[in-house]
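A.B. asks: What follows is a single structure, and I will ask about it in a moment.
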Amino acid sequence: MARRLNILEHALSSLLRRKQKNLAIIVVYTLTVATIASVLFLTQSLRSEAVNVLAAAPDIVVQRLAAGRHDLIPIADAEQIRRMPGVGKVEPRVWGYYYDSLKKVNFTLMGVKDSPTNLPLLQGTFPANNEQCTLGKGIAEAYGVTIGDSLVLVDSSNSSKLYQVSGLFIADSELLTNDLILLQEAELRRFFKLPDGRATDLAVEVYNQREVATLAKKIKLALPDSRPIGKTEILHTYDTVFNWRSGIMLTLFASALIAFCILAWDKATGISADEKREIGILKAIGWDTNDVLLLKFWEGLAISLTAFLLGAIIAYLHVFFYGAGLLAPVLQGWSVLFPQFNLTPAIDLYQLFVLALLTIVPYIACTIVPAWKTAVTDPDSVMRS
Amino acid sequence: MPTLIETKDLCKIYNRHKPDELQALSDVAFSIDQGQVAVLKGPSGSGKTSLLSLIGCMARPTSGSIRLADKDVAKLPERFLAELRRDLFGFIFQQFNLMRELSLFDNILLPLYPTEISGKEMKSRADEILRQLELGDRKQQKVKQLSGGEQQRVAIARALINQPEIIIADEPTAHLDRALTEELLTILARLKQNGKTIIIATHDPAIYQQQELIDRSYLMHDGNLLEVERL
Ligand SMILES: Nc1ncnc2c1ncn2[C@@H]1O[C@H](COP(=O)(O)OP(=O)(O)O)[C@@H](O)[C@H]1O
Ligand SMILES: [Mg+2]
């Protein structure tokens with residue numbers, strides 16, 4: 001035990017001795033890990049946002065198509081769907097998009113009848129009358145308003161109306177409620193001039209998740225001009241989008257890894273004359289091959305662990321506190337989601353573990369292997385140098 | 001005193017079966033008793049360093065035997081040789097072979113790291129040796145900041161830290177002036193008094209003419225060893 005600690009101590013002091021060289025390695029190494037880990041954190045977090053969105057999403061959304069385009073659906077259709085076996089609640093939803101050309105903010109306006117249960121509030125209440133609204137955090141921030149303040153919206157007759165903010169949202173997923181404004185349903189119909197008896201779409205609850213696809217088909221059959229969208233289909237869309245992006249990222253990732261390998265290879269082949277001499281001296285004064293290898297192992301571990309941890313911490317801060325700013329150009333796709341929202345930290349420990357394995361192990365190997373080649377030769381050359 | 005080291009028919013051939021094959025030692029018979037001081041004289045290239053490396057377990061002979069405390073070490077695996085180097089030998093190299101960027105103190109401790117000796121014990125040993133060699137007040141300095149004479153003493157301190165039975169010195173005065181050579185001789189005499197066995201390769205008369213110090217004198221020539229009778 002004393003032996004291991006002694007050698008560890010010497011490993012640390014010999015690292016400090018070559019400060020500049022080791023610092024340079026740690027910097028490159030840390031940046032590599034930070035880049036890769038940023039990509040991992042980001043995709044993981046987007047994925048878990050998507051999962052959250054889906055968890056709150058209805059099992060089937062039924063839209064109506066008219067001339068190939070999304071149109072309002074008769075509320076009477078809801079009753080027909082409701083009667084199908086396996087179907088739970090069917091809720092007509094009224095909602096629409098709103099664009100504020102002044103602020104250049106795009107968001108979703110949705111009508112509610114009473115307190116919806118799937119949307120937890122941060123504070124306050126849901127709109128109780130036609131003069132109240134409930135806001136997502138992003139919108140509240142974009143307009144700089146909070147509960148009790150007023151918000152002006154321009155309706156489809158082009159007249160503005162003042163709404164009092166009665167509540168603010170928080171949800172597991174910021175993506176879900178960030179750009180949402182709730183109004184009373186009647187008020188929303190007036191706002192968008194939606195006719196009574198029609199809804200934007202129908203949210204269908206299905207008792208058995210495995211029947212979603214079958215029921216979607218049945219609905220299509222019963223209502224030929226409808227377009228039922230199953231949850232799995234939404235999942236699929238999300239996944240394609242994210243996978244495509246992480247494909248680009250993977251390319252980045254791979255190039256970073258290659259850069260790193262070059263660095264490691266350079267180090268591996270370039271064991272310096274100085275280092276060789278030192279190994280020779282150590283062996284001559286009684287270190288055996290294993291002691292030298294242990295020394296190199298500690299050295300490699302100290303550097304790679306430091307760099308890995310630093311890199312992971314930098315990536316965490318970068319993605320979850322600074323909105324992955326440096327990756328934004330590659331991820332423009334999702335930054336059109338507006339207003340800006342912060343990602344909820346989600347980390348896949350398994351991925352992180354694999355990354356640790358993929359960087360630490362090769363680095364240590366690159367430190368040990370060339371040293372090993374030197375360490376197995378007889379130390380008598382030290383007597384002559 | 002019992003024989004401590006004895007070689008028989010010792011041969012060392014470098015680059016065997018290659019065009020630049022070279023026989024550095026031929027049938028060498030060397031022996032030394034415990035507590036004796038031996039010198040190896042001989043011109044450069046005669047094989048002194050080769051012999052010291054074999055005796056010091058730093059390399060293995062091509063043929064022949066090396067008995068060390070009644071054990072044949074010629075064919076031992078590397079692991080055991082390292083152990084012998086660590087436990088039995090102290091080496092003083094011609095080039096000092098110190099780690100220039102490390103402090104004096106860390107250099108001296110190096111041979112003890114791969115042992116189970118505790119940190120506390122290591123430090124008290126080092127302090128004691130530094131005191132004897134009058135280096136105590138400089139122990140945190142880097143070796144590269146020391147003078148040649150001080151480096152020489154650091155090299156000696158490192159050779160002694162593991163309390164070796166046998167001390168091997170290869171041309172220890174090659175880089176020293178007269179005063180420092182005197183100093184080294186004093187240290188060697190003290191080590192002999194303490195019962196250490198010492199083997200020195202040198203062609204410096206200032207050493208090999210020390211009749212008080214030297215018990216056995218060998219002459220090397222082209223890989224052959226000859227014991228010189230004392231006058
Ligand atoms: N590693 C080696 N490979 C090939 N030849 C060597 C090697 N080491 C020493 N020699 C040769 O062996 C001979 C003896 O060298 P050495 O033992 O160093 O003599 P000395 O110490 O007396 O000067 C020399 O001719 C030297 O060139
Ligand atoms: Mg020599």
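As shown in the structure tokens, the chain order sets the letters A, B, ...; within each chain, residues go from 1, and ligands are also counted from 1 in the order they appear.
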Show me a table, sorted first by chain and then by increasing residue number, of the residues of chain A having an atom at most 12 Å from ligand 1, each with its shortest atom pair and the distance in Å to one decimal, counting only C-alpha atoms and all ligand atoms and written as a tab-separated table.
C.D. replies:
```
residue	atom	partner	partner_atom_place_in_ligand_line	distance
A:Thr377	CA	ligand 1	1 (N)	11.1
A:Asp378	CA	ligand 1	1 (N)	9.7
A:Pro379	CA	ligand 1	1 (N)	10.2
A:Asp380	CA	ligand 1	1 (N)	7.9
A:Ser381	CA	ligand 1	1 (N)	6.4
A:Val382	CA	ligand 1	1 (N)	10.0
A:Met383	CA	ligand 1	18 (O)	8.1
A:Arg384	CA	ligand 1	18 (O)	6.5
A:Ser385	CA	ligand 1	8 (N)	9.9
```
A.B. asks: Since we have the selection now, will you write its residues out, keeping C-alpha atoms, as an mmCIF file, in the first residue's frame?
C.D. replies:
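Okay, result-v5.cif is ready:
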```
data_model
loop_
_atom_site.group_PDB
_atom_site.id
_atom_site.type_symbol
_atom_site.label_atom_id
_atom_site.label_comp_id
_atom_site.auth_asym_id
_atom_site.auth_seq_id
_atom_site.Cartn_x
_atom_site.Cartn_y
_atom_site.Cartn_z
ATOM 1 C CA THR A 377 14.780 -3.289 -21.679
ATOM 2 C CA ASP A 378 17.803 -3.745 -19.447
ATOM 3 C CA PRO A 379 18.722 -0.558 -17.621
ATOM 4 C CA ASP A 380 22.461 -0.887 -18.207
ATOM 5 C CA SER A 381 22.352 1.793 -20.915
ATOM 6 C CA VAL A 382 21.991 4.283 -18.078
ATOM 7 C CA MET A 383 25.578 3.483 -17.140
ATOM 8 C CA ARG A 384 26.783 4.759 -20.483
ATOM 9 C CA SER A 385 24.623 7.658 -21.670
#
```
A.B. asks: Dump as a tab-separated table the rows for residues of chain B within 10 Å of chain A: closest atom pair and distance in Å with one decimal, only C-alpha atoms counted, ordered by chain and rising residue number.
C.D. replies:
```
residue	atom	partner	partner_atom	distance
B:Thr49	CA	A:Met383	CA	7.0
B:Ser50	CA	A:Asp380	CA	8.2
B:Leu52	CA	A:Met383	CA	9.0
B:Ser53	CA	A:Asp380	CA	5.8
B:Leu54	CA	A:Asp380	CA	8.4
B:Gly56	CA	A:Ala284	CA	8.9
B:Cys57	CA	A:Asp380	CA	8.7
B:Met58	CA	A:Asp380	CA	5.0
B:Ala59	CA	A:Asp378	CA	5.5
B:Arg60	CA	A:Asp378	CA	8.2
B:Glu78	CA	A:Asp288	CA	7.5
B:Arg79	CA	A:Asp288	CA	6.0
B:Phe80	CA	A:Asp288	CA	8.6
B:Leu81	CA	A:Gly286	CA	8.3
B:Ala82	CA	A:Gly286	CA	4.9
B:Glu83	CA	A:Gly286	CA	6.2
B:Leu84	CA	A:Gly286	CA	7.4
B:Arg85	CA	A:Gly286	CA	4.8
B:Arg86	CA	A:Gly286	CA	3.9
B:Asp87	CA	A:Gly286	CA	7.7
B:Leu88	CA	A:Gly286	CA	9.5
B:Phe89	CA	A:Ile285	CA	8.2
B:Gly90	CA	A:Ile285	CA	7.5
B:Phe91	CA	A:Ile285	CA	7.1
B:Ile92	CA	A:Met383	CA	9.4
B:Phe93	CA	A:Met383	CA	6.3
B:Gln94	CA	A:Met383	CA	7.4
B:Gln95	CA	A:Ser385	CA	7.8
B:Phe96	CA	A:Met383	CA	9.5
B:Asn97	CA	A:Ile281	CA	6.7
B:Leu98	CA	A:Ile281	CA	8.0
B:Met99	CA	A:Glu278	CA	7.2
B:Glu101	CA	A:Arg17	CA	6.5
B:Leu102	CA	A:Arg17	CA	7.2
B:Asp106	CA	A:His10	CA	8.3
B:Leu109	CA	A:His10	CA	9.7
B:Leu110	CA	A:Leu282	CA	7.5
B:Pro111	CA	A:Ile285	CA	5.6
B:Leu112	CA	A:Asn6	CA	8.3
B:Tyr113	CA	A:Asn6	CA	5.0
B:Pro114	CA	A:Arg3	CA	5.0
B:Thr115	CA	A:Arg3	CA	5.2
B:Glu116	CA	A:Arg3	CA	5.1
B:Ile117	CA	A:Ala2	CA	6.7
B:Ser118	CA	A:Ala2	CA	6.0
B:Gly119	CA	A:Asn6	CA	7.5
B:Arg158	CA	A:Ile285	CA	8.8
B:Ala159	CA	A:Ile285	CA	8.0
B:Asn162	CA	A:Ile285	CA	9.6
B:Asp170	CA	A:Met383	CA	7.8
```
A.B. asks: List every residue of segment 69-180 of chain A that DSSP, applied to the backbone of this structure, places in alpha helix (DSSP H), and write the result as a list in words.
C.D. replies: Ala76, Asp77, Ala78, Glu79, Gln80, Ile81, Arg82, Lys137, Gly138, Ile139, Ala140, Glu141, Ala142, Tyr143, Glu174, Leu175, Leu176 and Thr177 of chain A
A.B. asks: Tell me which of B:Gln23, B:Gln163, B:Gln193, B:Ser46 sits closest to ligand 2, counting only C-alpha atoms and all ligand atoms.
C.D. replies: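 Closest to ligand 2, using only C-alpha atoms and all ligand atoms: B:Ser46.
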A.B. asks: In terms of the shortest atom-to-atom distance over only C-alpha atoms and all ligand atoms, which of B:Asp204, B:Glu134, B:Asp177, B:Glu171 is closest to ligand 2?
C.D. replies: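 Using only C-alpha atoms and all ligand atoms, the shortest distance to ligand 2 belongs to B:Glu171.
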A.B. asks: Could you tell me, as number ranges by chain, which residues of segment 63-168 of chain B DSSP assigns to strand (DSSP E) when given the backbone?
C.D. replies: B: 63-68, 71-72, 89-92, 166-168
A.B. asks: With N, CA and C atoms kept, could you save the residues just selected as a tab-separated table (two decimals), in the first residue's frame?
C.D. replies:
```
chain	number	residue	atom	x	y	z
B	63	SER	N	26.96	-15.68	-21.20
B	63	SER	CA	27.17	-16.99	-20.59
B	63	SER	C	27.99	-16.80	-19.33
B	64	GLY	N	28.12	-17.88	-18.54
B	64	GLY	CA	28.86	-17.79	-17.30
B	64	GLY	C	27.94	-17.58	-16.13
B	65	SER	N	28.53	-17.54	-14.93
B	65	SER	CA	27.69	-17.41	-13.73
B	65	SER	C	28.13	-16.22	-12.88
B	66	ILE	N	27.17	-15.71	-12.14
B	66	ILE	CA	27.45	-14.65	-11.16
B	66	ILE	C	26.85	-15.12	-9.84
B	67	ARG	N	27.70	-15.37	-8.88
B	67	ARG	CA	27.17	-15.75	-7.56
B	67	ARG	C	27.16	-14.52	-6.67
B	68	LEU	N	26.00	-14.25	-6.15
B	68	LEU	CA	25.83	-13.08	-5.29
B	68	LEU	C	25.28	-13.60	-3.98
B	71	LYS	N	24.02	-17.04	-4.34
B	71	LYS	CA	22.88	-17.28	-5.20
B	71	LYS	C	23.32	-16.98	-6.63
B	72	ASP	N	22.96	-17.86	-7.57
B	72	ASP	CA	23.32	-17.57	-8.95
B	72	ASP	C	22.27	-16.62	-9.54
B	89	PHE	N	22.18	-3.06	-3.72
B	89	PHE	CA	23.16	-2.20	-4.37
B	89	PHE	C	22.87	-0.72	-4.22
B	90	GLY	N	23.97	0.05	-4.17
B	90	GLY	CA	23.87	1.49	-4.34
B	90	GLY	C	24.77	1.85	-5.49
B	91	PHE	N	24.23	2.60	-6.46
B	91	PHE	CA	25.02	2.92	-7.65
B	91	PHE	C	25.42	4.39	-7.68
B	92	ILE	N	26.69	4.63	-7.96
B	92	ILE	CA	27.14	6.00	-8.22
B	92	ILE	C	27.60	6.05	-9.67
B	166	ILE	N	26.32	-3.30	-0.97
B	166	ILE	CA	27.37	-3.17	-1.98
B	166	ILE	C	27.22	-1.83	-2.69
B	167	ILE	N	28.35	-1.14	-2.84
B	167	ILE	CA	28.31	0.12	-3.57
B	167	ILE	C	29.12	0.00	-4.85
B	168	ILE	N	28.51	0.36	-5.96
B	168	ILE	CA	29.18	0.28	-7.25
B	168	ILE	C	29.36	1.69	-7.79
```
A.B. asks: Name the closest residue to Ser217 of chain B among the candidates B:Leu191, B:Arg16, B:Val39, B:Phe30; distances are taken between atoms, counting only C-alpha atoms.
C.D. replies: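 For Ser217 of chain B, the nearest of the candidates is B:Val39.
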A.B. asks: Just want the 8 Å neighbourhood of segment 175-184 of chain A, counted on only C-alpha atoms, with same-chain residues fewer than 5 positions away dropped. Output as a list of chain:residue names.
C.D. replies: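 Non-adjacent residues within range: A:Glu49, A:Asn52, A:Val53, A:Asn106, A:Phe107, A:Thr108, A:Leu109, A:Met110, A:Gly111, A:Val112, A:Lys113, A:Phe126, A:Pro127, A:Ala128, A:Asn129, A:Asn130, A:Gln132, A:Cys133, A:Thr134, A:Leu135, A:Gly136, A:Lys137, A:Gly138, A:Ile139, A:Phe169, A:Ile170, A:Phe338, A:Pro339, A:Phe341.
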A.B. asks: State, in Å with one decimal place, the distance from atom CA of Ala69 of chain B to atom CA of Gly195 of chain B.
C.D. replies: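 Computing the Euclidean distance for atom CA of Ala69 of chain B and atom CA of Gly195 of chain B yields 15.3 Å.
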A.B. asks: Write out as number ranges by chain the residues lying within 12 Å of Lys218 of chain A, counting only C-alpha atoms and excluding same-chain residues fewer than 5 positions away.
C.D. replies: A: 60, 62, 80-81, 83-87, 211-213, 223-224, 226-228
A.B. asks: Would you export the selected residues with N, CA and C atoms as a PDB file, in the first residue's frame, please?
C.D. replies:
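And here's part03.pdb as it stands now:
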```pdb
ATOM      1  N   ILE A  60     -54.441  10.332 -29.302  1.00  0.00           N
ATOM      2  CA  ILE A  60     -54.676  10.594 -30.723  1.00  0.00           C
ATOM      3  C   ILE A  60     -55.197  12.020 -30.859  1.00  0.00           C
ATOM      4  N   VAL A  62     -57.185  14.295 -33.550  1.00  0.00           N
ATOM      5  CA  VAL A  62     -57.914  14.164 -34.811  1.00  0.00           C
ATOM      6  C   VAL A  62     -58.122  15.549 -35.417  1.00  0.00           C
ATOM      7  N   GLN A  80     -69.197  10.744 -32.091  1.00  0.00           N
ATOM      8  CA  GLN A  80     -69.047   9.525 -32.890  1.00  0.00           C
ATOM      9  C   GLN A  80     -67.798   8.741 -32.466  1.00  0.00           C
ATOM     10  N   ILE A  81     -66.696   9.475 -32.270  1.00  0.00           N
ATOM     11  CA  ILE A  81     -65.445   8.829 -31.845  1.00  0.00           C
ATOM     12  C   ILE A  81     -65.604   8.281 -30.432  1.00  0.00           C
ATOM     13  N   ARG A  83     -68.000   6.981 -29.047  1.00  0.00           N
ATOM     14  CA  ARG A  83     -68.760   5.731 -28.966  1.00  0.00           C
ATOM     15  C   ARG A  83     -67.941   4.511 -29.366  1.00  0.00           C
ATOM     16  N   MET A  84     -66.772   4.740 -29.970  1.00  0.00           N
ATOM     17  CA  MET A  84     -65.949   3.586 -30.371  1.00  0.00           C
ATOM     18  C   MET A  84     -65.410   2.896 -29.123  1.00  0.00           C
ATOM     19  N   PRO A  85     -65.417   1.536 -29.130  1.00  0.00           N
ATOM     20  CA  PRO A  85     -64.898   0.824 -27.955  1.00  0.00           C
ATOM     21  C   PRO A  85     -63.392   1.097 -27.780  1.00  0.00           C
ATOM     22  N   GLY A  86     -62.974   1.273 -26.530  1.00  0.00           N
ATOM     23  CA  GLY A  86     -61.557   1.510 -26.259  1.00  0.00           C
ATOM     24  C   GLY A  86     -61.239   2.981 -26.107  1.00  0.00           C
ATOM     25  N   VAL A  87     -62.170   3.842 -26.496  1.00  0.00           N
ATOM     26  CA  VAL A  87     -61.907   5.279 -26.418  1.00  0.00           C
ATOM     27  C   VAL A  87     -62.410   5.827 -25.087  1.00  0.00           C
ATOM     28  N   GLU A 211     -53.654  -0.036 -28.702  1.00  0.00           N
ATOM     29  CA  GLU A 211     -54.740   0.093 -29.680  1.00  0.00           C
ATOM     30  C   GLU A 211     -54.716   1.414 -30.420  1.00  0.00           C
ATOM     31  N   VAL A 212     -53.765   2.253 -30.098  1.00  0.00           N
ATOM     32  CA  VAL A 212     -53.739   3.589 -30.693  1.00  0.00           C
ATOM     33  C   VAL A 212     -53.781   3.521 -32.223  1.00  0.00           C
ATOM     34  N   ALA A 213     -52.919   2.681 -32.785  1.00  0.00           N
ATOM     35  CA  ALA A 213     -52.832   2.623 -34.252  1.00  0.00           C
ATOM     36  C   ALA A 213     -54.137   2.091 -34.861  1.00  0.00           C
ATOM     37  N   LEU A 223     -64.621   8.580 -40.331  1.00  0.00           N
ATOM     38  CA  LEU A 223     -64.662   9.986 -40.728  1.00  0.00           C
ATOM     39  C   LEU A 223     -63.622  10.199 -41.832  1.00  0.00           C
ATOM     40  N   PRO A 224     -64.014   9.962 -43.076  1.00  0.00           N
ATOM     41  CA  PRO A 224     -63.031   9.929 -44.178  1.00  0.00           C
ATOM     42  C   PRO A 224     -62.263  11.235 -44.348  1.00  0.00           C
ATOM     43  N   SER A 226     -61.088  13.041 -41.986  1.00  0.00           N
ATOM     44  CA  SER A 226     -60.299  13.345 -40.792  1.00  0.00           C
ATOM     45  C   SER A 226     -58.857  12.858 -40.957  1.00  0.00           C
ATOM     46  N   ARG A 227     -58.040  13.407 -40.101  1.00  0.00           N
ATOM     47  CA  ARG A 227     -56.646  12.970 -40.110  1.00  0.00           C
ATOM     48  C   ARG A 227     -56.229  12.684 -38.670  1.00  0.00           C
ATOM     49  N   PRO A 228     -56.314  11.416 -38.257  1.00  0.00           N
ATOM     50  CA  PRO A 228     -55.917  11.077 -36.880  1.00  0.00           C
ATOM     51  C   PRO A 228     -54.393  10.931 -36.789  1.00  0.00           C
TER      52      PRO A 228
END
```
